[in-house]
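Student: Following this line is structure_7.cif, made up of mmCIF, C-alpha atoms and all ligand atoms:
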data_input
#
loop_
_atom_site.label_atom_id
_atom_site.label_comp_id
_atom_site.auth_asym_id
_atom_site.auth_seq_id
_atom_site.Cartn_x
_atom_site.Cartn_y
_atom_site.Cartn_z
CA MET X 13 0.00 0.00 0.00
CA SER X 14 1.31 3.42 -0.85
CA ASP X 15 2.29 5.91 1.78
CA GLN X 16 -0.20 8.18 3.50
CA THR X 17 1.72 11.31 2.53
CA GLU X 18 2.03 10.59 -1.15
CA THR X 19 1.78 13.50 -3.53
CA GLU X 20 1.02 11.70 -6.75
CA THR X 21 -2.24 13.59 -7.32
CA GLU X 22 -0.84 17.09 -6.96
CA THR X 23 -1.10 19.17 -10.08
CA GLU X 24 0.39 22.48 -11.12
CA THR X 25 -3.00 24.12 -11.58
CA GLU X 26 -4.06 23.32 -8.05
CA THR X 27 -5.48 26.35 -6.28
CA SER X 28 -6.88 25.14 -2.97
CA ALA X 29 -5.25 23.03 -0.26
CA ARG X 30 -4.74 19.36 -0.97
CA ILE X 31 -7.10 16.93 0.78
CA PRO X 32 -5.29 13.62 1.45
CA VAL X 33 -7.25 10.37 1.37
CA ALA X 34 -6.00 9.63 4.89
CA SER X 35 -3.64 11.22 7.40
CA PRO X 36 -2.81 10.02 10.89
CA ASP X 37 -3.60 12.05 14.02
CA LEU X 38 -0.50 11.88 16.23
CA GLY X 39 -1.53 14.64 18.61
CA GLY X 40 -1.64 12.70 21.88
CA ASN X 41 1.17 11.10 23.92
CA GLU X 42 2.91 9.63 20.85
CA ALA X 43 5.95 11.95 21.01
CA ALA X 44 6.27 11.68 24.80
CA TYR X 45 6.19 7.86 24.78
CA LEU X 46 8.70 7.71 21.92
CA ALA X 47 11.01 10.02 23.89
CA GLU X 48 10.70 7.61 26.85
CA CYS X 49 11.85 4.70 24.66
CA ILE X 50 14.91 6.63 23.50
CA ARG X 51 15.71 7.90 26.98
CA ASP X 52 15.59 4.37 28.43
CA GLY X 53 17.30 2.71 25.46
CA GLN X 54 14.23 0.48 24.95
CA ILE X 55 13.86 0.34 21.19
CA SER X 56 13.59 -3.37 20.36
CA SER X 57 10.68 -5.75 20.95
CA ARG X 58 11.83 -6.26 24.54
CA GLY X 59 10.54 -2.88 25.73
CA ARG X 60 7.62 -2.46 28.11
CA PHE X 61 5.24 -0.76 25.67
CA VAL X 62 4.88 -3.96 23.62
CA GLY X 63 3.17 -5.94 26.39
CA ARG X 64 1.09 -2.93 27.34
CA PHE X 65 -0.11 -2.46 23.77
CA GLU X 66 -0.91 -6.17 23.36
CA ALA X 67 -2.93 -6.23 26.57
CA GLY X 68 -4.70 -2.97 25.70
CA VAL X 69 -5.80 -4.07 22.24
CA ALA X 70 -6.90 -7.51 23.49
CA ALA X 71 -8.91 -5.93 26.31
CA ALA X 72 -10.53 -3.43 23.94
CA CYS X 73 -11.76 -6.37 21.85
CA GLY X 74 -12.68 -8.66 24.76
CA VAL X 75 -10.15 -11.27 23.60
CA ALA X 76 -7.75 -13.19 25.87
CA HIS X 77 -4.51 -12.80 23.86
CA GLY X 78 -2.90 -10.22 21.59
CA VAL X 79 0.43 -10.91 19.89
CA ALA X 80 2.07 -7.82 18.39
CA VAL X 81 3.46 -8.30 14.87
CA SER X 82 5.56 -6.15 12.53
CA SER X 83 2.67 -5.71 10.04
CA GLY X 84 -0.89 -6.73 9.34
CA SER X 85 0.28 -8.81 6.38
CA ASN X 86 2.71 -10.74 8.57
CA ALA X 87 -0.05 -11.15 11.17
CA LEU X 88 -2.18 -12.88 8.49
CA HIS X 89 0.66 -15.24 7.66
CA VAL X 90 1.20 -16.04 11.34
CA ALA X 91 -2.53 -16.57 11.98
CA LEU X 92 -2.77 -19.13 9.16
CA ARG X 93 0.40 -20.92 10.24
CA ALA X 94 -0.73 -20.94 13.88
CA LEU X 95 -3.78 -22.89 12.67
CA GLY X 96 -1.41 -25.41 11.09
CA ILE X 97 -2.37 -24.54 7.52
CA GLY X 98 0.06 -25.76 4.87
CA PRO X 99 0.37 -27.54 1.53
CA SER X 100 -2.64 -29.69 0.57
CA ASP X 101 -5.01 -27.34 2.43
CA GLU X 102 -7.37 -24.78 0.92
CA VAL X 103 -8.22 -21.37 2.35
CA ILE X 104 -11.18 -19.35 1.07
CA VAL X 105 -10.79 -15.57 0.68
CA PRO X 106 -13.35 -13.08 -0.67
CA SER X 107 -12.09 -11.43 -3.83
CA LEU X 108 -12.51 -7.78 -2.86
CA THR X 109 -9.64 -7.26 -0.44
CA MET X 110 -6.05 -6.23 -0.13
CA ILE X 111 -3.45 -8.43 -1.79
CA ALA X 112 -2.02 -9.35 1.66
CA CYS X 113 -4.89 -11.82 2.16
CA GLY X 114 -4.09 -13.88 -0.93
CA ASN X 115 -0.36 -13.64 -0.30
CA ALA X 116 -0.68 -15.00 3.24
CA VAL X 117 -2.44 -18.12 1.92
CA VAL X 118 0.17 -18.67 -0.79
CA GLN X 119 3.00 -18.16 1.73
CA THR X 120 1.77 -21.14 3.77
CA GLY X 121 1.85 -23.34 0.67
CA ALA X 122 -1.93 -23.80 0.81
CA ARG X 123 -4.17 -23.29 -2.21
CA LEU X 124 -5.98 -19.97 -2.49
CA VAL X 125 -9.72 -20.25 -3.20
CA VAL X 126 -11.31 -16.95 -4.24
CA CYS X 127 -15.04 -16.41 -3.77
CA ASP X 128 -17.29 -13.46 -4.57
CA VAL X 129 -18.54 -10.61 -2.39
CA ASP X 130 -22.05 -9.41 -1.66
CA ARG X 131 -23.55 -6.59 -3.69
CA ALA X 132 -25.07 -4.86 -0.66
CA THR X 133 -22.47 -5.34 2.10
CA TRP X 134 -19.33 -5.53 -0.10
CA ASN X 135 -18.14 -8.22 2.35
CA VAL X 136 -18.04 -11.94 1.56
CA CYS X 137 -21.10 -13.33 -0.26
CA PRO X 138 -22.57 -16.12 1.89
CA ARG X 139 -23.77 -18.12 -1.13
CA SER X 140 -20.42 -17.96 -2.92
CA LEU X 141 -18.65 -18.83 0.34
CA ALA X 142 -20.84 -21.90 0.85
CA GLU X 143 -20.18 -22.97 -2.72
CA ALA X 144 -16.42 -22.61 -2.27
CA ILE X 145 -16.22 -24.98 0.71
CA GLY X 146 -14.74 -28.34 -0.26
CA PRO X 147 -13.16 -31.38 1.41
CA ARG X 148 -9.77 -29.64 1.70
CA THR X 149 -11.08 -26.34 3.12
CA ARG X 150 -9.18 -25.61 6.34
CA ALA X 151 -10.21 -21.99 6.97
CA ALA X 152 -12.04 -18.96 5.60
CA LEU X 153 -10.11 -15.71 5.75
CA LEU X 154 -12.95 -13.18 5.98
CA VAL X 155 -12.54 -9.41 5.84
CA ASP X 156 -14.35 -6.57 7.64
CA LEU X 157 -14.05 -4.52 4.46
CA TYR X 158 -13.62 -0.76 4.81
CA GLY X 159 -14.61 -1.05 8.50
CA ARG X 160 -17.91 -2.93 8.08
CA PRO X 161 -18.03 -5.86 10.52
CA LEU X 162 -18.87 -9.29 9.13
CA ASP X 163 -22.60 -9.87 8.74
CA PRO X 164 -24.44 -12.79 10.42
CA ALA X 165 -25.08 -14.78 7.20
CA PRO X 166 -21.46 -15.73 6.33
CA LEU X 167 -20.71 -16.43 10.00
CA ALA X 168 -23.63 -18.86 10.02
CA VAL X 169 -22.31 -20.60 6.88
CA CYS X 170 -18.92 -21.20 8.52
CA ALA X 171 -20.49 -22.34 11.79
CA ALA X 172 -22.81 -24.78 10.01
CA ARG X 173 -20.01 -26.27 7.91
CA GLY X 174 -17.40 -26.30 10.70
CA VAL X 175 -14.97 -23.99 8.88
CA PRO X 176 -12.74 -21.92 11.19
CA ILE X 177 -12.71 -18.20 10.47
CA VAL X 178 -9.58 -16.08 10.42
CA GLU X 179 -10.91 -12.54 10.65
CA ASP X 180 -9.04 -9.81 8.78
CA ALA X 181 -10.06 -6.82 10.89
CA ALA X 182 -7.21 -4.66 9.51
CA GLU X 183 -9.62 -1.87 8.61
CA ALA X 184 -12.12 -2.33 11.41
CA PHE X 185 -10.62 -1.55 14.82
CA GLY X 186 -13.57 -0.54 17.04
CA ALA X 187 -16.28 -2.11 14.86
CA ARG X 188 -18.83 -4.48 16.39
CA ALA X 189 -20.88 -7.28 14.83
CA SER X 190 -24.64 -7.40 15.44
CA ASP X 191 -24.18 -10.15 18.06
CA GLY X 192 -22.11 -7.68 20.10
CA ARG X 193 -18.69 -9.20 19.38
CA ALA X 194 -15.95 -6.71 18.60
CA ALA X 195 -14.06 -6.82 15.32
CA GLY X 196 -10.98 -8.80 16.32
CA ALA X 197 -13.10 -11.23 18.35
CA ILE X 198 -15.09 -12.78 15.51
CA GLY X 199 -12.80 -15.56 14.22
CA ARG X 200 -10.76 -18.37 15.83
CA LEU X 201 -7.99 -15.89 15.19
CA ALA X 202 -8.16 -12.30 14.03
CA ILE X 203 -5.65 -9.75 12.85
CA PHE X 204 -5.32 -5.97 12.87
CA SER X 205 -3.08 -3.72 10.83
CA PHE X 206 -1.70 -0.55 12.38
CA TYR X 207 -0.33 0.90 9.14
CA ALA X 208 -0.33 4.72 9.08
CA ASN X 209 -3.73 5.06 7.43
CA LYS X 210 -5.61 2.55 9.59
CA ILE X 211 -8.05 3.37 12.42
CA ILE X 212 -5.25 3.41 14.99
CA THR X 213 -1.62 3.29 13.91
CA THR X 214 1.90 2.34 14.93
CA GLY X 215 3.34 3.51 11.60
CA GLU X 216 3.88 -0.06 10.45
CA GLY X 217 2.50 -2.86 12.59
CA GLY X 218 -0.15 -5.45 13.25
CA MET X 219 -1.50 -7.91 15.79
CA VAL X 220 -2.87 -11.45 16.03
CA LEU X 221 -5.74 -11.96 18.48
CA THR X 222 -7.26 -15.16 19.82
CA ASP X 223 -9.00 -16.60 22.87
CA ASP X 224 -7.15 -19.89 22.41
CA ASP X 225 -4.09 -20.24 24.67
CA GLU X 226 -2.34 -22.72 22.39
CA LEU X 227 -2.88 -20.71 19.19
CA ALA X 228 -1.60 -17.60 20.96
CA GLU X 229 1.54 -19.44 22.06
CA ARG X 230 2.12 -20.71 18.51
CA ALA X 231 1.63 -17.19 17.12
CA ARG X 232 4.16 -15.82 19.59
CA ARG X 233 6.76 -18.44 18.63
CA LEU X 234 6.14 -17.92 14.92
CA CYS X 235 6.84 -14.17 15.27
CA ASP X 236 10.11 -14.81 17.09
CA MET X 237 11.94 -17.40 14.95
CA TRP X 238 10.44 -20.14 17.13
CA PHE X 239 13.08 -19.65 19.80
CA VAL X 240 12.25 -21.81 22.81
CA PRO X 241 13.15 -21.04 26.44
CA GLU X 242 14.23 -24.64 27.19
CA ARG X 243 17.21 -24.79 24.88
CA ARG X 244 19.34 -22.04 23.40
CA PHE X 245 19.36 -21.79 19.57
CA PHE X 246 17.19 -24.89 19.18
CA HIS X 247 14.22 -24.39 16.81
CA PRO X 248 11.46 -27.05 16.66
CA GLU X 249 9.65 -25.24 13.81
CA VAL X 250 10.39 -22.54 11.23
CA GLY X 251 9.54 -19.10 12.59
CA TYR X 252 9.94 -15.55 11.36
CA SER X 253 11.43 -12.26 12.45
CA TYR X 254 8.03 -10.56 12.71
CA ARG X 255 8.30 -8.81 16.07
CA MET X 256 6.95 -5.33 16.77
CA SER X 257 9.42 -2.85 18.23
CA ASN X 258 8.91 -0.88 21.43
CA LEU X 259 8.94 2.32 19.32
CA GLN X 260 5.95 1.12 17.31
CA ALA X 261 4.13 -0.10 20.42
CA ALA X 262 4.75 3.25 22.15
CA VAL X 263 2.90 5.03 19.35
CA GLY X 264 0.20 2.34 19.56
CA CYS X 265 -0.31 2.87 23.30
CA ALA X 266 -0.79 6.60 22.74
CA GLN X 267 -3.25 5.91 19.91
CA LEU X 268 -5.18 3.44 22.04
CA GLU X 269 -5.74 6.11 24.70
CA ARG X 270 -7.63 8.17 22.10
CA ALA X 271 -9.12 5.32 20.07
CA GLU X 272 -12.75 6.10 20.88
CA ALA X 273 -12.35 9.71 19.77
CA LEU X 274 -10.59 8.64 16.56
CA ILE X 275 -13.36 6.13 15.79
CA ALA X 276 -16.09 8.66 16.59
CA ARG X 277 -14.57 11.11 14.10
CA ARG X 278 -14.59 8.51 11.30
CA GLN X 279 -18.21 7.66 12.05
CA ASP X 280 -19.02 11.35 12.08
CA ASN X 281 -17.28 11.69 8.68
CA ALA X 282 -19.60 8.99 7.31
CA VAL X 283 -22.70 10.82 8.53
CA ARG X 284 -21.43 14.04 6.94
CA TRP X 285 -20.55 12.29 3.66
CA ARG X 286 -24.06 10.82 3.48
CA ALA X 287 -25.66 14.22 4.00
CA ALA X 288 -23.37 15.95 1.49
CA LEU X 289 -23.73 13.33 -1.29
CA ASP X 290 -27.39 12.48 -0.83
CA GLY X 291 -29.37 12.88 -4.04
CA ILE X 292 -26.44 13.31 -6.48
CA PRO X 293 -27.61 11.34 -9.55
CA GLY X 294 -25.64 8.14 -10.12
CA ILE X 295 -23.67 8.21 -6.89
CA ALA X 296 -24.58 5.21 -4.71
CA LEU X 297 -23.72 5.25 -1.02
CA PRO X 298 -22.73 2.27 1.17
CA ALA X 299 -25.56 0.18 2.62
CA PRO X 300 -26.34 0.90 6.27
CA PRO X 301 -24.72 -1.61 8.67
CA ALA X 302 -26.67 -4.62 9.97
CA PRO X 303 -29.01 -3.80 12.89
CA GLY X 304 -27.14 -3.57 16.18
CA SER X 305 -23.69 -3.54 14.55
CA ARG X 306 -21.13 -0.74 14.48
CA HIS X 307 -19.45 0.20 11.19
CA VAL X 308 -16.32 2.32 11.74
CA HIS X 309 -16.01 3.56 8.15
CA TRP X 310 -12.26 3.24 7.78
CA MET X 311 -12.81 4.80 4.37
CA PHE X 312 -16.07 6.05 2.91
CA GLY X 313 -16.77 4.30 -0.40
CA ILE X 314 -19.14 5.33 -3.16
CA LEU X 315 -20.19 3.57 -6.36
CA VAL X 316 -20.33 5.48 -9.63
CA GLU X 317 -23.36 4.28 -11.61
CA GLU X 318 -23.95 4.55 -15.31
CA ARG X 319 -26.41 7.42 -15.02
CA ALA X 320 -23.74 9.54 -13.28
CA GLY X 321 -22.63 10.58 -16.76
CA MET X 322 -18.97 9.60 -16.13
CA ASP X 323 -17.08 6.55 -15.01
CA ARG X 324 -15.15 6.08 -11.78
CA ASP X 325 -11.75 6.92 -13.23
CA ARG X 326 -13.07 10.11 -14.80
CA LEU X 327 -14.51 11.19 -11.43
CA ALA X 328 -11.21 10.37 -9.68
CA ALA X 329 -9.37 12.49 -12.28
CA CYS X 330 -11.73 15.45 -11.71
CA LEU X 331 -11.17 15.22 -7.97
CA ALA X 332 -7.40 14.91 -8.41
CA ALA X 333 -7.37 18.03 -10.58
CA ASP X 334 -8.83 19.85 -7.58
CA GLY X 335 -6.20 18.47 -5.19
CA ILE X 336 -8.51 15.82 -3.75
CA GLU X 337 -6.91 12.42 -3.30
CA THR X 338 -9.05 9.28 -3.66
CA ARG X 339 -8.49 5.53 -4.05
CA PRO X 340 -10.23 3.10 -6.35
CA PHE X 341 -11.71 0.00 -4.70
CA PHE X 342 -9.39 -3.01 -4.60
CA LEU X 343 -8.79 -4.90 -7.81
CA GLY X 344 -10.16 -8.32 -6.86
CA LEU X 345 -7.94 -11.28 -6.06
CA HIS X 346 -9.72 -13.22 -8.83
CA ALA X 347 -8.11 -10.82 -11.35
CA GLN X 348 -4.56 -10.98 -9.97
CA PRO X 349 -1.94 -12.54 -12.23
CA CYS X 350 0.25 -13.50 -9.25
CA TYR X 351 -2.01 -16.46 -8.31
CA PRO X 352 -1.82 -18.88 -11.26
CA ASP X 353 -2.79 -21.84 -9.07
CA ALA X 354 -5.80 -20.29 -7.32
CA ARG X 355 -9.23 -21.88 -7.57
CA ARG X 356 -11.61 -19.09 -8.58
CA LEU X 357 -15.37 -19.01 -8.22
CA PRO X 358 -17.28 -16.59 -10.45
CA CYS X 359 -16.62 -13.09 -9.07
CA GLU X 360 -18.96 -10.84 -11.05
CA VAL X 361 -19.83 -8.66 -8.07
CA ALA X 362 -16.21 -8.10 -7.03
CA GLU X 363 -15.39 -7.32 -10.66
CA ASP X 364 -18.20 -4.77 -10.87
CA LEU X 365 -17.55 -3.10 -7.50
CA GLY X 366 -13.81 -3.01 -8.23
CA ALA X 367 -14.50 -1.07 -11.43
CA ARG X 368 -17.05 1.39 -10.01
CA GLY X 369 -16.01 1.93 -6.39
CA LEU X 370 -14.15 4.99 -5.15
CA LEU X 371 -12.88 5.73 -1.64
CA LEU X 372 -13.20 9.34 -0.53
CA PRO X 373 -10.93 11.15 1.94
CA SER X 374 -11.75 9.74 5.34
CA GLY X 375 -9.03 10.64 7.82
CA PRO X 376 -9.71 11.89 11.32
CA ALA X 377 -8.84 15.49 10.38
CA LEU X 378 -11.47 15.96 7.66
CA SER X 379 -13.37 19.28 8.04
CA ASP X 380 -16.89 20.32 7.00
CA ASP X 381 -15.30 22.58 4.38
CA ASP X 382 -13.32 19.66 2.94
CA ILE X 383 -16.47 17.59 2.60
CA ALA X 384 -18.44 20.44 1.02
CA ARG X 385 -15.60 21.03 -1.46
CA VAL X 386 -15.42 17.37 -2.50
CA ALA X 387 -19.21 17.12 -2.82
CA ALA X 388 -19.26 20.22 -5.03
CA VAL X 389 -16.66 18.73 -7.39
CA ILE X 390 -18.61 15.45 -7.60
CA ARG X 391 -21.84 17.35 -8.34
CA ARG X 392 -20.12 19.41 -11.08
CA ALA X 393 -18.22 16.47 -12.59
CA GLY X 394 -21.35 14.58 -13.61
CA ARG X 395 -22.84 17.44 -15.62
C1 LIG K 1 -3.93 -2.86 5.49
C2 LIG K 1 -4.50 -4.20 5.27
C3 LIG K 1 -3.76 -5.37 5.44
C4 LIG K 1 -2.26 -5.42 5.62
O1 LIG K 1 -1.75 -4.67 6.63
P1 LIG K 1 -0.23 -4.10 6.56
O2 LIG K 1 -0.04 -3.65 7.96
O3 LIG K 1 -0.23 -2.98 5.58
O4 LIG K 1 0.65 -5.22 6.19
C5 LIG K 1 -4.40 -6.58 5.30
N1 LIG K 1 -5.71 -6.66 5.01
C6 LIG K 1 -6.45 -5.56 4.81
C7 LIG K 1 -7.89 -5.72 4.47
C8 LIG K 1 -5.87 -4.29 4.91
O5 LIG K 1 -6.60 -3.20 4.68
#
Write the structure described by the file as structure tokens, please.
Tutor:
Amino acid sequence: MSDQTETETETETETSARIPVASPDLGGNEAAYLAECIRDGQISSRGRFVGRFEAGVAAACGVAHGVAVSSGSNALHVALRALGIGPSDEVIVPSLTMIACGNAVVQTGARLVVCDVDRATWNVCPRSLAEAIGPRTRAALLVDLYGRPLDPAPLAVCAARGVPIVEDAAEAFGARASDGRAAGAIGRLAIFSFYANKIITTGEGGMVLTDDDELAERARRLCDMWFVPERRFFHPEVGYSYRMSNLQAAVGCAQLERAEALIARRQDNAVRWRAALDGIPGIALPAPPAPGSRHVHWMFGILVEERAGMDRDRLAACLAADGIETRPFFLGLHAQPCYPDARRLPCEVAEDLGARGLLLPSGPALSDDDIARVAAVIRRAGR
């Protein structure tokens, strides 16, 4: 994923201030905690902020264990390997997601199975998921896409068929499913990403969460080269150098202190986007979340319909010309050339959403003026 401070969309004719698609809010204790790390010489994964951050995130989600990891992508790899997934297994992933999901499956040696997403929720399609389950299915890696927690229907499919869920909650810190479970508490294992543009950040970073003592222990060993306390330099399994540093965790602890405020601002952004874009012909807004659930709107997505009088890329270009940065929806895993051996179910919905979806600026610092300016450009662009 590209950096949060990229300037690719800046143009020479730009007159007003640039609106980035996302920018972190580091205005709390981040600098003070980092200074503490430097002062005490605690900069590796041995420092005290790491345990504090793990416990804080786990507690926020109501989960027993958190294992800090160097990135969300590595957390996915660790979660799958903790489950014992390897060659001869299959793992199902919905098409519309970040490439990290497919890569994690391939890294274990298992076969990637790509299923479609749902037209209304944009998350996994329960029918396609059910169809994808086969005798070698060992897990479903399901995504809380753009901050929308998983809906009851796909969870019921996995429960009925006995398929363990690995929840990719990278974009959904603070979200809650309609049964009250927090994002991060929905699967056998779950992961977060704390990349700079996520709900809370450590710059680069991630975490594996689980209630299962044994899976947590395996995840911890996997992140630390599978060193064992009993015997020096003796490694029963292959592990990785995926630890999070104390510097990253220090930033994470400061973010966690303000997490509710950061989440509230994203939810507030979504309410303001809805009001500002309501009634613009051909601009479809995200479906409301399932009753009783909490959507954290990591990014606010819109769909450009045919009657808008322009396609998605044309709208993105108009916004870019005005200094407004956007992102297209993910290009689906079904369309990725890097997975020649994947088993692909028909993915018409992911294909369609991927071509028409656009993510609007959604960071915690977005002002009313920013939103009004973007809405005005969208209104004008379609004429
Ligand atoms: C960001 C993200 C990841 C990967 O996280 P990194 O920390 O960037 O490695 C994985 N899955 C989804 C859905 C994401 O948005």
Student: Can you tell me which residues sit at most 8 Å away from ligand LIG 1 (chain K), counting only C-alpha atoms and all ligand atoms, written as a VMD selection string?
Tutor: chain X and resid 13 82 to 88 109 to 113 155 to 158 180 to 183 204 to 207 210 216 to 218
Student: Just give me the gap between atom CA of Cys49 of chain X and atom CA of Ala266 of chain X in Å, one decimal is fine.
Tutor: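 Between these atoms lies a distance of 12.9 Å.
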Student: Find the residues near segment 362-373 of chain X: any atom within 7 Å, counting all atoms listed in the file, skip ones fewer than 2 places away on the same chain, and give them as a VMD selection string.
Tutor: chain X and resid 32 to 34 107 to 108 128 to 129 311 to 316 324 337 to 344 359 to 360 375
Student: May I ask for the distance between atom CA of Gly98 of chain X and atom CA of Val79 of chain X, given in Å to one decimal place?
Tutor: 21.1 Å
Student: Please, what distance in Å, to one decimal, runs between atom CA of Ala80 of chain X and atom CA of Leu221 of chain X?
Tutor: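 Spanning atom CA of Ala80 of chain X to atom CA of Leu221 of chain X is a straight-line distance of 8.8 Å.
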Student: Using all atoms listed in the file, can you tell me which of X:Asn41, X:Thr133, X:Thr120, X:Asn115 comes closest to Ile97 of chain X?
Tutor: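 Among X:Asn41, X:Thr133, X:Thr120, X:Asn115, it is X:Thr120 that comes nearest to Ile97 of chain X.
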Student: Give as a short mmCIF file (atom, residue, chain, number, x, y, z; two decimals) with C-alpha atoms, in the frame of the given file every residue, naming chains and numbers as the document does, that has an atom within 9 Å of (2.8, -18.0, 8.4), counting only C-alpha atoms.
Tutor:
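Done, and the output landed in result.cif:
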data_model
loop_
_atom_site.label_atom_id
_atom_site.label_comp_id
_atom_site.auth_asym_id
_atom_site.auth_seq_id
_atom_site.Cartn_x
_atom_site.Cartn_y
_atom_site.Cartn_z
CA ASN X 86 2.71 -10.74 8.57
CA ALA X 87 -0.05 -11.15 11.17
CA LEU X 88 -2.18 -12.88 8.49
CA HIS X 89 0.66 -15.24 7.66
CA VAL X 90 1.20 -16.04 11.34
CA ALA X 91 -2.53 -16.57 11.98
CA LEU X 92 -2.77 -19.13 9.16
CA ARG X 93 0.40 -20.92 10.24
CA ALA X 94 -0.73 -20.94 13.88
CA GLY X 96 -1.41 -25.41 11.09
CA ILE X 97 -2.37 -24.54 7.52
CA GLY X 98 0.06 -25.76 4.87
CA ALA X 116 -0.68 -15.00 3.24
CA VAL X 117 -2.44 -18.12 1.92
CA GLN X 119 3.00 -18.16 1.73
CA THR X 120 1.77 -21.14 3.77
CA ALA X 231 1.63 -17.19 17.12
CA LEU X 234 6.14 -17.92 14.92
CA CYS X 235 6.84 -14.17 15.27
CA GLY X 251 9.54 -19.10 12.59
CA TYR X 252 9.94 -15.55 11.36
#
Student: Pick out the closest residue to Leu268 of chain X from this set: X:Ile104, X:Ala71, X:Leu297, X:Ala328. Count only C-alpha atoms.
Tutor: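 Looking at the shortest contact to Leu268 of chain X, the residue is X:Ala71.
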Student: Find the spatial neighbours of segment 378-389 of chain X, counting all atoms listed in the file, within a cut-off of 10 Å - ignore same-chain residues fewer than 6 positions away - and output them as a PyMOL selection string.
Tutor: chain X and resi 28-35+277-278+280-281+284-285+287-290+292+327+330-331+333-337+372
Student: Compare X:Val118, X:Asn258, X:Asp191, X:Ala393 by their minimum atom-to-atom distance to Ile50 of chain X, counting all atoms listed in the file, and give me the closest one.
Tutor: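 So, comparing all the options, the nearest one is X:Asn258.
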Student: Report as a list in words all protein, DNA and RNA residues lying within 12 Å of Val169 of chain X, evaluated on all atoms listed in the file, omitting residues in the same chain fewer than 5 positions from it.
Tutor: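 In the requested format, the answer is Val136, Cys137, Pro138, Arg139, Ser140, Leu141, Ala142, Glu143, Ala144, Ile145, Ala152, Leu154, Asp163, Pro164, Gly174, Val175, Pro176 and Ile177 of chain X.
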Student: Rank nothing, just name the residue among X:Arg188, X:Arg355, X:His309, X:Arg243 nearest to Cys73 of chain X, using only C-alpha atoms.
Tutor: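 Among the listed residues, the smallest separation from Cys73 of chain X belongs to X:Arg188.
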Student: Would you mind listing what lies within 9 Å of Val308 of chain X as a PyMOL selection string, with all atoms listed in the file counted and same-chain residues fewer than 4 positions away left out?
Tutor: chain X and resi 158-161+183-188+211+275-276+278-279+282
Student: Save the residues we just selected, C-alpha atoms, as an mmCIF file, in the coordinates of the input?
Tutor:
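What ended up in again.cif:
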data_model
loop_
_atom_site.group_PDB
_atom_site.id
_atom_site.type_symbol
_atom_site.label_atom_id
_atom_site.label_comp_id
_atom_site.auth_asym_id
_atom_site.auth_seq_id
_atom_site.Cartn_x
_atom_site.Cartn_y
_atom_site.Cartn_z
ATOM 1 C CA TYR X 158 -13.620 -0.760 4.810
ATOM 2 C CA GLY X 159 -14.610 -1.050 8.500
ATOM 3 C CA ARG X 160 -17.910 -2.930 8.080
ATOM 4 C CA PRO X 161 -18.030 -5.860 10.520
ATOM 5 C CA GLU X 183 -9.620 -1.870 8.610
ATOM 6 C CA ALA X 184 -12.120 -2.330 11.410
ATOM 7 C CA PHE X 185 -10.620 -1.550 14.820
ATOM 8 C CA GLY X 186 -13.570 -0.540 17.040
ATOM 9 C CA ALA X 187 -16.280 -2.110 14.860
ATOM 10 C CA ARG X 188 -18.830 -4.480 16.390
ATOM 11 C CA ILE X 211 -8.050 3.370 12.420
ATOM 12 C CA ILE X 275 -13.360 6.130 15.790
ATOM 13 C CA ALA X 276 -16.090 8.660 16.590
ATOM 14 C CA ARG X 278 -14.590 8.510 11.300
ATOM 15 C CA GLN X 279 -18.210 7.660 12.050
ATOM 16 C CA ALA X 282 -19.600 8.990 7.310
#
Student: Please provide the set of residues having any atom within 6 Å of Arg150 of chain X, restricted to all atoms listed in the file, with same-chain residues fewer than 2 positions apart removed, written as a VMD selection string.
Tutor: chain X and resid 101 to 103
Student: Just checking: using all atoms listed in the file, which residue out of X:Ala320, X:Ala132, X:Ala122, X:Leu201 ends up closest to Leu95 of chain X?
Tutor: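 The shortest atom-to-atom distance to Leu95 of chain X comes from X:Leu201.
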Student: Using all atoms listed in the file, find the one residue out of X:Arg230, X:Glu249, X:Ser56, X:Arg391 that sits nearest to Gly291 of chain X.
Tutor: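 Once distances to Gly291 of chain X are computed over all atoms listed in the file, the minimum belongs to X:Arg391.
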